[in-house]
$ cat coords29.cif   # mmCIF, N, CA and C atoms
data_work
loop_
_atom_site.label_atom_id
_atom_site.label_comp_id
_atom_site.auth_asym_id
_atom_site.auth_seq_id
_atom_site.Cartn_x
_atom_site.Cartn_y
_atom_site.Cartn_z
N PRO A 1 108.70 103.28 110.43
CA PRO A 1 110.02 102.67 110.34
C PRO A 1 110.64 102.87 108.96
N SER A 2 111.92 102.65 108.89
CA SER A 2 112.62 102.75 107.61
C SER A 2 112.27 101.54 106.75
N GLU A 3 112.67 101.59 105.49
CA GLU A 3 112.43 100.46 104.60
C GLU A 3 113.16 99.21 105.11
N ALA A 4 114.38 99.39 105.58
CA ALA A 4 115.14 98.26 106.11
C ALA A 4 114.46 97.65 107.34
N GLU A 5 113.94 98.49 108.22
CA GLU A 5 113.24 97.99 109.41
C GLU A 5 111.96 97.24 109.02
N ALA A 6 111.22 97.81 108.07
CA ALA A 6 110.00 97.15 107.60
C ALA A 6 110.33 95.82 106.93
N SER A 7 111.41 95.77 106.18
CA SER A 7 111.83 94.52 105.54
C SER A 7 112.21 93.47 106.58
N ALA A 8 112.87 93.91 107.64
CA ALA A 8 113.25 92.99 108.71
C ALA A 8 112.01 92.43 109.41
N VAL A 9 111.02 93.28 109.63
CA VAL A 9 109.76 92.82 110.23
C VAL A 9 109.09 91.81 109.30
N ARG A 10 109.04 92.12 108.02
CA ARG A 10 108.41 91.22 107.06
C ARG A 10 109.09 89.85 107.07
N GLN A 11 110.40 89.84 107.15
CA GLN A 11 111.12 88.56 107.19
C GLN A 11 110.76 87.76 108.43
N ARG A 12 110.52 88.44 109.54
CA ARG A 12 110.16 87.75 110.79
C ARG A 12 108.80 87.08 110.71
N VAL A 13 107.92 87.62 109.88
CA VAL A 13 106.53 87.12 109.84
C VAL A 13 106.14 86.57 108.48
N SER A 14 107.08 86.35 107.59
CA SER A 14 106.75 85.87 106.25
C SER A 14 106.44 84.39 106.24
N GLY A 15 105.82 83.98 105.15
CA GLY A 15 105.48 82.58 104.95
C GLY A 15 103.98 82.42 104.85
N PRO A 16 103.56 81.25 104.43
CA PRO A 16 102.12 81.01 104.34
C PRO A 16 101.51 80.87 105.73
N ASN A 17 100.28 81.30 105.86
CA ASN A 17 99.53 81.16 107.11
C ASN A 17 100.26 81.74 108.31
N VAL A 18 100.55 83.02 108.22
CA VAL A 18 101.22 83.74 109.29
C VAL A 18 100.32 83.74 110.54
N ASP A 19 100.91 83.52 111.68
CA ASP A 19 100.17 83.53 112.95
C ASP A 19 99.80 84.97 113.29
N PRO A 20 98.50 85.29 113.31
CA PRO A 20 98.09 86.67 113.61
C PRO A 20 98.57 87.16 114.97
N MET A 21 98.73 86.27 115.94
CA MET A 21 99.19 86.68 117.27
C MET A 21 100.65 87.12 117.22
N VAL A 22 101.46 86.44 116.42
CA VAL A 22 102.87 86.82 116.27
C VAL A 22 102.95 88.17 115.58
N PHE A 23 102.18 88.34 114.50
CA PHE A 23 102.16 89.61 113.79
C PHE A 23 101.74 90.74 114.73
N ALA A 24 100.68 90.50 115.51
CA ALA A 24 100.18 91.52 116.43
C ALA A 24 101.22 91.91 117.47
N ALA A 25 101.94 90.92 118.00
CA ALA A 25 102.96 91.22 119.00
C ALA A 25 104.08 92.07 118.41
N ILE A 26 104.49 91.74 117.20
CA ILE A 26 105.55 92.51 116.54
C ILE A 26 105.05 93.92 116.22
N ALA A 27 103.83 94.03 115.72
CA ALA A 27 103.26 95.35 115.42
C ALA A 27 103.15 96.20 116.68
N ALA A 28 102.71 95.59 117.77
CA ALA A 28 102.59 96.33 119.02
C ALA A 28 103.93 96.84 119.50
N GLU A 29 104.96 96.07 119.26
CA GLU A 29 106.31 96.43 119.70
C GLU A 29 106.98 97.47 118.80
N LEU A 30 106.81 97.34 117.48
CA LEU A 30 107.63 98.11 116.56
C LEU A 30 106.91 99.18 115.73
N SER A 31 105.62 99.06 115.57
CA SER A 31 104.91 100.00 114.71
C SER A 31 104.89 101.40 115.31
N VAL A 32 105.01 102.40 114.44
CA VAL A 32 104.90 103.79 114.88
C VAL A 32 103.49 104.33 114.62
N ASP A 33 102.64 103.52 114.01
CA ASP A 33 101.27 103.91 113.72
C ASP A 33 100.41 103.74 114.97
N GLU A 34 99.34 104.51 115.05
CA GLU A 34 98.43 104.39 116.20
C GLU A 34 97.82 102.99 116.29
N SER A 35 97.80 102.25 115.19
CA SER A 35 97.26 100.89 115.20
C SER A 35 98.12 99.95 116.05
N SER A 36 99.32 100.36 116.41
CA SER A 36 100.19 99.50 117.23
C SER A 36 99.51 99.14 118.55
N GLN A 37 98.66 100.04 119.05
CA GLN A 37 97.95 99.78 120.30
C GLN A 37 96.94 98.64 120.16
N ARG A 38 96.60 98.32 118.89
CA ARG A 38 95.65 97.24 118.60
C ARG A 38 96.37 96.08 117.89
N GLY A 39 97.66 95.96 118.09
CA GLY A 39 98.42 94.90 117.44
C GLY A 39 98.48 95.07 115.93
N GLY A 40 98.40 96.32 115.48
CA GLY A 40 98.47 96.61 114.06
C GLY A 40 97.15 96.50 113.32
N ALA A 41 96.09 96.15 114.03
CA ALA A 41 94.79 95.97 113.38
C ALA A 41 94.26 97.31 112.88
N ILE A 42 93.79 97.29 111.63
CA ILE A 42 93.16 98.47 111.03
C ILE A 42 91.80 98.06 110.49
N ASP A 43 90.98 99.05 110.15
CA ASP A 43 89.69 98.76 109.54
C ASP A 43 89.91 98.10 108.18
N PRO A 44 88.88 97.41 107.67
CA PRO A 44 89.03 96.80 106.35
C PRO A 44 89.44 97.84 105.30
N VAL A 45 90.23 97.38 104.34
CA VAL A 45 90.74 98.25 103.28
C VAL A 45 89.94 97.97 102.01
N ALA A 46 89.27 99.00 101.50
CA ALA A 46 88.53 98.89 100.24
C ALA A 46 89.37 99.49 99.13
N GLU A 47 89.36 98.83 97.98
CA GLU A 47 90.17 99.30 96.85
C GLU A 47 89.83 100.73 96.44
N GLU A 48 88.59 101.15 96.66
CA GLU A 48 88.18 102.49 96.24
C GLU A 48 88.36 103.55 97.33
N ASP A 49 88.87 103.18 98.50
CA ASP A 49 89.04 104.10 99.62
C ASP A 49 90.29 104.96 99.40
N THR A 50 90.08 106.18 98.94
CA THR A 50 91.21 107.06 98.61
C THR A 50 91.90 107.64 99.84
N SER A 51 91.38 107.37 101.04
CA SER A 51 92.07 107.84 102.25
C SER A 51 93.27 106.94 102.57
N ILE A 52 93.33 105.80 101.90
CA ILE A 52 94.44 104.87 102.06
C ILE A 52 95.32 104.98 100.82
N PRO A 53 96.63 105.10 100.98
CA PRO A 53 97.51 105.24 99.81
C PRO A 53 97.27 104.13 98.78
N ALA A 54 97.30 104.51 97.51
CA ALA A 54 97.02 103.58 96.42
C ALA A 54 97.95 102.37 96.45
N ALA A 55 99.22 102.57 96.76
CA ALA A 55 100.17 101.46 96.79
C ALA A 55 99.77 100.43 97.85
N LEU A 56 99.28 100.89 98.99
CA LEU A 56 98.85 99.97 100.04
C LEU A 56 97.57 99.25 99.63
N ARG A 57 96.61 99.98 99.05
CA ARG A 57 95.38 99.33 98.57
C ARG A 57 95.70 98.23 97.57
N ARG A 58 96.62 98.53 96.65
CA ARG A 58 97.00 97.56 95.63
C ARG A 58 97.66 96.33 96.26
N ALA A 59 98.58 96.56 97.19
CA ALA A 59 99.27 95.44 97.85
C ALA A 59 98.28 94.57 98.62
N VAL A 60 97.34 95.19 99.31
CA VAL A 60 96.33 94.44 100.06
C VAL A 60 95.48 93.61 99.11
N ALA A 61 95.10 94.18 97.99
CA ALA A 61 94.26 93.46 97.01
C ALA A 61 95.00 92.29 96.39
N GLU A 62 96.31 92.40 96.24
CA GLU A 62 97.09 91.38 95.54
C GLU A 62 97.69 90.31 96.45
N THR A 63 97.62 90.51 97.76
CA THR A 63 98.25 89.57 98.70
C THR A 63 97.23 88.54 99.17
N PRO A 64 97.59 87.27 99.11
CA PRO A 64 96.65 86.22 99.54
C PRO A 64 96.34 86.29 101.04
N VAL A 65 95.16 85.84 101.39
CA VAL A 65 94.76 85.73 102.80
C VAL A 65 95.76 84.83 103.52
N GLY A 66 96.15 85.25 104.71
CA GLY A 66 97.10 84.50 105.51
C GLY A 66 98.54 84.87 105.25
N SER A 67 98.75 85.85 104.35
CA SER A 67 100.10 86.27 103.98
C SER A 67 100.31 87.73 104.34
N VAL A 68 101.57 88.14 104.30
CA VAL A 68 101.95 89.52 104.58
C VAL A 68 102.29 90.21 103.27
N THR A 69 101.84 91.45 103.13
CA THR A 69 102.13 92.21 101.92
C THR A 69 103.64 92.44 101.79
N PRO A 70 104.07 92.75 100.57
CA PRO A 70 105.44 93.26 100.44
C PRO A 70 105.55 94.58 101.22
N VAL A 71 106.75 95.04 101.42
CA VAL A 71 106.95 96.35 102.06
C VAL A 71 106.40 97.41 101.10
N VAL A 72 105.56 98.30 101.64
CA VAL A 72 104.91 99.34 100.84
C VAL A 72 105.33 100.70 101.37
N ALA A 73 105.79 101.57 100.46
CA ALA A 73 106.12 102.95 100.84
C ALA A 73 104.84 103.76 100.87
N THR A 74 104.59 104.45 101.98
CA THR A 74 103.43 105.32 102.10
C THR A 74 103.92 106.67 102.60
N GLY A 75 104.41 107.48 101.70
CA GLY A 75 105.01 108.74 102.11
C GLY A 75 106.37 108.47 102.72
N GLU A 76 106.56 108.91 103.96
CA GLU A 76 107.84 108.73 104.64
C GLU A 76 107.93 107.41 105.39
N LEU A 77 106.83 106.69 105.49
CA LEU A 77 106.81 105.44 106.23
C LEU A 77 106.77 104.23 105.30
N PHE A 78 107.15 103.10 105.83
CA PHE A 78 107.08 101.83 105.10
C PHE A 78 106.21 100.90 105.91
N VAL A 79 105.33 100.19 105.22
CA VAL A 79 104.27 99.42 105.86
C VAL A 79 104.30 97.98 105.38
N VAL A 80 103.98 97.05 106.28
CA VAL A 80 103.63 95.68 105.91
C VAL A 80 102.29 95.39 106.58
N ALA A 81 101.46 94.61 105.91
CA ALA A 81 100.14 94.29 106.44
C ALA A 81 99.88 92.80 106.32
N LEU A 82 99.29 92.23 107.36
CA LEU A 82 98.85 90.85 107.33
C LEU A 82 97.41 90.82 106.82
N ILE A 83 97.17 90.02 105.81
CA ILE A 83 95.81 89.90 105.27
C ILE A 83 95.14 88.74 106.00
N GLU A 84 94.24 89.07 106.90
CA GLU A 84 93.58 88.04 107.71
C GLU A 84 92.34 87.48 107.04
N SER A 85 91.64 88.30 106.27
CA SER A 85 90.43 87.84 105.60
C SER A 85 90.15 88.76 104.42
N ARG A 86 89.23 88.33 103.59
CA ARG A 86 88.83 89.14 102.45
C ARG A 86 87.30 89.08 102.38
N SER A 87 86.69 90.25 102.28
CA SER A 87 85.24 90.33 102.14
C SER A 87 84.86 90.43 100.69
N PRO A 88 83.72 89.88 100.31
CA PRO A 88 83.29 90.03 98.92
C PRO A 88 83.03 91.49 98.60
N ALA A 89 83.30 91.87 97.38
CA ALA A 89 83.12 93.29 96.97
C ALA A 89 81.65 93.64 96.86
#
$ encode --input "coords29.cif" --output "structure tokens"
Amino acid sequence: PSEAEASAVRQRVSGPNVDPMVFAAIAAELSVDESSQRGGAIDPVAEEDTSIPAALRRAVAETPVGSVTPVVATGELFVVALIESRSPA
């Protein structure tokens, strides 16, 4: 999606303690990523995983559990992610 579309999605799901079911429904409806089939769920993101864009790794690391990341540019796409949990390093 465009940056404006990603921002609109973020506004729909922003706030503390975002409902994962609401986020999943929106991701399933609007995401262009293959993860849309899983409600936007992706594998855990490790800070050292270079297969994930650095800006997204940074946003995931800095966003509190239960919150949605800021809109992140990843090449031509714009991403928002719900942080459901954090594993110890």
$ resolve_selection --input "coords29.cif" --expression "the PyMOL selection byres (((chain A and resi 23 and name CA) around 10) and name CA)" --output "MDAnalysis selection string"
chainID A and resid 9:10 12:14 18:22 24:29 39:41 68 81:82
$ atom_distance --input "coords29.cif" --atom1 "atom N of Ala59 of chain A" --atom2 "atom C of Ile83 of chain A"
12.3 Å
$ select_by_dssp --input "coords29.cif" --residues "chain A" --states "alpha helix (DSSP H)" --output "ChimeraX atom specification"
/A:3-13,20-30,54-62
$ write_last_selection --input "coords29.cif" --atoms "N, CA and C atoms" --output "short mmCIF file (atom, residue, chain, number, x, y, z; two decimals), keeping the file's coordinate frame"
data_model
loop_
_atom_site.label_atom_id
_atom_site.label_comp_id
_atom_site.auth_asym_id
_atom_site.auth_seq_id
_atom_site.Cartn_x
_atom_site.Cartn_y
_atom_site.Cartn_z
N GLU A 3 112.67 101.59 105.49
CA GLU A 3 112.43 100.46 104.60
C GLU A 3 113.16 99.21 105.11
N ALA A 4 114.38 99.39 105.58
CA ALA A 4 115.14 98.26 106.11
C ALA A 4 114.46 97.65 107.34
N GLU A 5 113.94 98.49 108.22
CA GLU A 5 113.24 97.99 109.41
C GLU A 5 111.96 97.24 109.02
N ALA A 6 111.22 97.81 108.07
CA ALA A 6 110.00 97.15 107.60
C ALA A 6 110.33 95.82 106.93
N SER A 7 111.41 95.77 106.18
CA SER A 7 111.83 94.52 105.54
C SER A 7 112.21 93.47 106.58
N ALA A 8 112.87 93.91 107.64
CA ALA A 8 113.25 92.99 108.71
C ALA A 8 112.01 92.43 109.41
N VAL A 9 111.02 93.28 109.63
CA VAL A 9 109.76 92.82 110.23
C VAL A 9 109.09 91.81 109.30
N ARG A 10 109.04 92.12 108.02
CA ARG A 10 108.41 91.22 107.06
C ARG A 10 109.09 89.85 107.07
N GLN A 11 110.40 89.84 107.15
CA GLN A 11 111.12 88.56 107.19
C GLN A 11 110.76 87.76 108.43
N ARG A 12 110.52 88.44 109.54
CA ARG A 12 110.16 87.75 110.79
C ARG A 12 108.80 87.08 110.71
N VAL A 13 107.92 87.62 109.88
CA VAL A 13 106.53 87.12 109.84
C VAL A 13 106.14 86.57 108.48
N PRO A 20 98.50 85.29 113.31
CA PRO A 20 98.09 86.67 113.61
C PRO A 20 98.57 87.16 114.97
N MET A 21 98.73 86.27 115.94
CA MET A 21 99.19 86.68 117.27
C MET A 21 100.65 87.12 117.22
N VAL A 22 101.46 86.44 116.42
CA VAL A 22 102.87 86.82 116.27
C VAL A 22 102.95 88.17 115.58
N PHE A 23 102.18 88.34 114.50
CA PHE A 23 102.16 89.61 113.79
C PHE A 23 101.74 90.74 114.73
N ALA A 24 100.68 90.50 115.51
CA ALA A 24 100.18 91.52 116.43
C ALA A 24 101.22 91.91 117.47
N ALA A 25 101.94 90.92 118.00
CA ALA A 25 102.96 91.22 119.00
C ALA A 25 104.08 92.07 118.41
N ILE A 26 104.49 91.74 117.20
CA ILE A 26 105.55 92.51 116.54
C ILE A 26 105.05 93.92 116.22
N ALA A 27 103.83 94.03 115.72
CA ALA A 27 103.26 95.35 115.42
C ALA A 27 103.15 96.20 116.68
N ALA A 28 102.71 95.59 117.77
CA ALA A 28 102.59 96.33 119.02
C ALA A 28 103.93 96.84 119.50
N GLU A 29 104.96 96.07 119.26
CA GLU A 29 106.31 96.43 119.70
C GLU A 29 106.98 97.47 118.80
N LEU A 30 106.81 97.34 117.48
CA LEU A 30 107.63 98.11 116.56
C LEU A 30 106.91 99.18 115.73
N ALA A 54 97.30 104.51 97.51
CA ALA A 54 97.02 103.58 96.42
C ALA A 54 97.95 102.37 96.45
N ALA A 55 99.22 102.57 96.76
CA ALA A 55 100.17 101.46 96.79
C ALA A 55 99.77 100.43 97.85
N LEU A 56 99.28 100.89 98.99
CA LEU A 56 98.85 99.97 100.04
C LEU A 56 97.57 99.25 99.63
N ARG A 57 96.61 99.98 99.05
CA ARG A 57 95.38 99.33 98.57
C ARG A 57 95.70 98.23 97.57
N ARG A 58 96.62 98.53 96.65
CA ARG A 58 97.00 97.56 95.63
C ARG A 58 97.66 96.33 96.26
N ALA A 59 98.58 96.56 97.19
CA ALA A 59 99.27 95.44 97.85
C ALA A 59 98.28 94.57 98.62
N VAL A 60 97.34 95.19 99.31
CA VAL A 60 96.33 94.44 100.06
C VAL A 60 95.48 93.61 99.11
N ALA A 61 95.10 94.18 97.99
CA ALA A 61 94.26 93.46 97.01
C ALA A 61 95.00 92.29 96.39
N GLU A 62 96.31 92.40 96.24
CA GLU A 62 97.09 91.38 95.54
C GLU A 62 97.69 90.31 96.45
#
$ closest_residue --input "coords29.cif" --among "A:Val60, A:Asp33, A:Gly15, A:Ala8" --to "Leu77 of chain A" --atoms "only C-alpha atoms"
A:Asp33
$ atom_distance --input "coords29.cif" --atom1 "atom CA of Pro53 of chain A" --atom2 "atom CA of Pro88 of chain A"
20.8 Å
$ select_by_dssp --input "coords29.cif" --residues "chain A" --states "strand (DSSP E or B)" --output "number ranges by chain"
A: 68, 72-74, 77-79, 82
$ atom_distance --input "coords29.cif" --atom1 "atom N of Ser2 of chain A" --atom2 "atom C of Glu48 of chain A"
26.3 Å
$ resolve_selection --input "coords29.cif" --expression "the PyMOL selection byres (((chain A and resi 64 and name CA) around 10) and name CA)" --output "list in words"
Pro16, Asn17, Ala59, Val60, Ala61, Glu62, Thr63, Val65, Gly66, Ser67, Val68, Thr69, Leu82, Ile83, Glu84, Ser85 and Arg86 of chain A
$ resolve_selection --input "coords29.cif" --expression "the PyMOL selection byres ((chain A and resi 72) around 8)" --output "JSON, numbers by chain"
{"A": [3, 6, 7, 55, 56, 59, 69, 70, 71, 73, 74, 75, 77, 78, 79, 80, 81]}
$ axis_aligned_box --input "coords29.cif" --around "segment 65-84 of chain A" --padding-each-side "8 Å" --output "lines of an AutoDock Vina configuration file"
center_x = 100.1
center_y = 96.7
center_z = 104.1
size_x = 31.6
size_y = 40.4
size_z = 23.3
$ build_atoms --input "coords29.cif" --residues "segment 74-85 of chain A" --atoms "all heavy atoms" --output "JSON list (two decimals), keeping the file's coordinate frame"
[["chain", "number", "residue", "atom", "x", "y", "z"],
["A", 74, "THR", "N", 104.59, 104.45, 101.98],
["A", 74, "THR", "CA", 103.43, 105.32, 102.10],
["A", 74, "THR", "C", 103.92, 106.67, 102.60],
["A", 74, "THR", "O", 103.88, 106.95, 103.79],
["A", 74, "THR", "CB", 102.38, 104.74, 103.07],
["A", 74, "THR", "OG1", 102.97, 104.59, 104.36],
["A", 74, "THR", "CG2", 101.84, 103.41, 102.59],
["A", 75, "GLY", "N", 104.41, 107.48, 101.70],
["A", 75, "GLY", "CA", 105.01, 108.74, 102.11],
["A", 75, "GLY", "C", 106.37, 108.47, 102.72],
["A", 75, "GLY", "O", 107.21, 107.83, 102.12],
["A", 76, "GLU", "N", 106.56, 108.91, 103.96],
["A", 76, "GLU", "CA", 107.84, 108.73, 104.64],
["A", 76, "GLU", "C", 107.93, 107.41, 105.39],
["A", 76, "GLU", "O", 108.99, 107.06, 105.90],
["A", 76, "GLU", "CB", 108.07, 109.88, 105.62],
["A", 76, "GLU", "CG", 108.23, 111.22, 104.93],
["A", 76, "GLU", "CD", 108.49, 112.34, 105.92],
["A", 76, "GLU", "OE1", 108.78, 112.07, 107.10],
["A", 76, "GLU", "OE2", 108.40, 113.50, 105.51],
["A", 77, "LEU", "N", 106.83, 106.69, 105.49],
["A", 77, "LEU", "CA", 106.81, 105.44, 106.23],
["A", 77, "LEU", "C", 106.77, 104.23, 105.30],
["A", 77, "LEU", "O", 106.38, 104.35, 104.14],
["A", 77, "LEU", "CB", 105.59, 105.39, 107.15],
["A", 77, "LEU", "CG", 105.52, 106.47, 108.22],
["A", 77, "LEU", "CD1", 104.23, 106.33, 109.02],
["A", 77, "LEU", "CD2", 106.72, 106.39, 109.15],
["A", 78, "PHE", "N", 107.15, 103.10, 105.83],
["A", 78, "PHE", "CA", 107.08, 101.83, 105.10],
["A", 78, "PHE", "C", 106.21, 100.90, 105.91],
["A", 78, "PHE", "O", 106.33, 100.82, 107.14],
["A", 78, "PHE", "CB", 108.49, 101.27, 104.90],
["A", 78, "PHE", "CG", 109.32, 102.13, 104.00],
["A", 78, "PHE", "CD1", 110.08, 103.16, 104.52],
["A", 78, "PHE", "CD2", 109.31, 101.93, 102.63],
["A", 78, "PHE", "CE1", 110.83, 103.98, 103.69],
["A", 78, "PHE", "CE2", 110.05, 102.73, 101.79],
["A", 78, "PHE", "CZ", 110.82, 103.76, 102.32],
["A", 79, "VAL", "N", 105.33, 100.19, 105.22],
["A", 79, "VAL", "CA", 104.27, 99.42, 105.86],
["A", 79, "VAL", "C", 104.30, 97.98, 105.38],
["A", 79, "VAL", "O", 104.58, 97.71, 104.21],
["A", 79, "VAL", "CB", 102.90, 100.04, 105.50],
["A", 79, "VAL", "CG1", 101.75, 99.23, 106.06],
["A", 79, "VAL", "CG2", 102.82, 101.47, 105.94],
["A", 80, "VAL", "N", 103.98, 97.05, 106.28],
["A", 80, "VAL", "CA", 103.63, 95.68, 105.91],
["A", 80, "VAL", "C", 102.29, 95.39, 106.58],
["A", 80, "VAL", "O", 102.00, 95.90, 107.67],
["A", 80, "VAL", "CB", 104.69, 94.64, 106.33],
["A", 80, "VAL", "CG1", 105.97, 94.81, 105.56],
["A", 80, "VAL", "CG2", 104.94, 94.64, 107.81],
["A", 81, "ALA", "N", 101.46, 94.61, 105.91],
["A", 81, "ALA", "CA", 100.14, 94.29, 106.44],
["A", 81, "ALA", "C", 99.88, 92.80, 106.32],
["A", 81, "ALA", "O", 100.20, 92.19, 105.30],
["A", 81, "ALA", "CB", 99.06, 95.07, 105.69],
["A", 82, "LEU", "N", 99.29, 92.23, 107.36],
["A", 82, "LEU", "CA", 98.85, 90.85, 107.33],
["A", 82, "LEU", "C", 97.41, 90.82, 106.82],
["A", 82, "LEU", "O", 96.54, 91.52, 107.37],
["A", 82, "LEU", "CB", 98.92, 90.24, 108.73],
["A", 82, "LEU", "CG", 98.25, 88.88, 108.92],
["A", 82, "LEU", "CD1", 98.91, 87.82, 108.02],
["A", 82, "LEU", "CD2", 98.28, 88.47, 110.38],
["A", 83, "ILE", "N", 97.17, 90.02, 105.81],
["A", 83, "ILE", "CA", 95.81, 89.90, 105.27],
["A", 83, "ILE", "C", 95.14, 88.74, 106.00],
["A", 83, "ILE", "O", 95.46, 87.58, 105.76],
["A", 83, "ILE", "CB", 95.84, 89.66, 103.74],
["A", 83, "ILE", "CG1", 96.73, 90.69, 103.04],
["A", 83, "ILE", "CG2", 94.42, 89.66, 103.19],
["A", 83, "ILE", "CD1", 96.39, 92.14, 103.30],
["A", 84, "GLU", "N", 94.24, 89.07, 106.90],
["A", 84, "GLU", "CA", 93.58, 88.04, 107.71],
["A", 84, "GLU", "C", 92.34, 87.48, 107.04],
["A", 84, "GLU", "O", 91.99, 86.33, 107.26],
["A", 84, "GLU", "CB", 93.22, 88.59, 109.08],
["A", 84, "GLU", "CG", 94.45, 88.90, 109.92],
["A", 84, "GLU", "CD", 94.07, 89.24, 111.33],
["A", 84, "GLU", "OE1", 93.81, 90.42, 111.61],
["A", 84, "GLU", "OE2", 94.05, 88.31, 112.17],
["A", 85, "SER", "N", 91.64, 88.30, 106.27],
["A", 85, "SER", "CA", 90.43, 87.84, 105.60],
["A", 85, "SER", "C", 90.15, 88.76, 104.42],
["A", 85, "SER", "O", 90.74, 89.83, 104.29],
["A", 85, "SER", "CB", 89.24, 87.82, 106.57],
["A", 85, "SER", "OG", 88.94, 89.14, 106.98]]
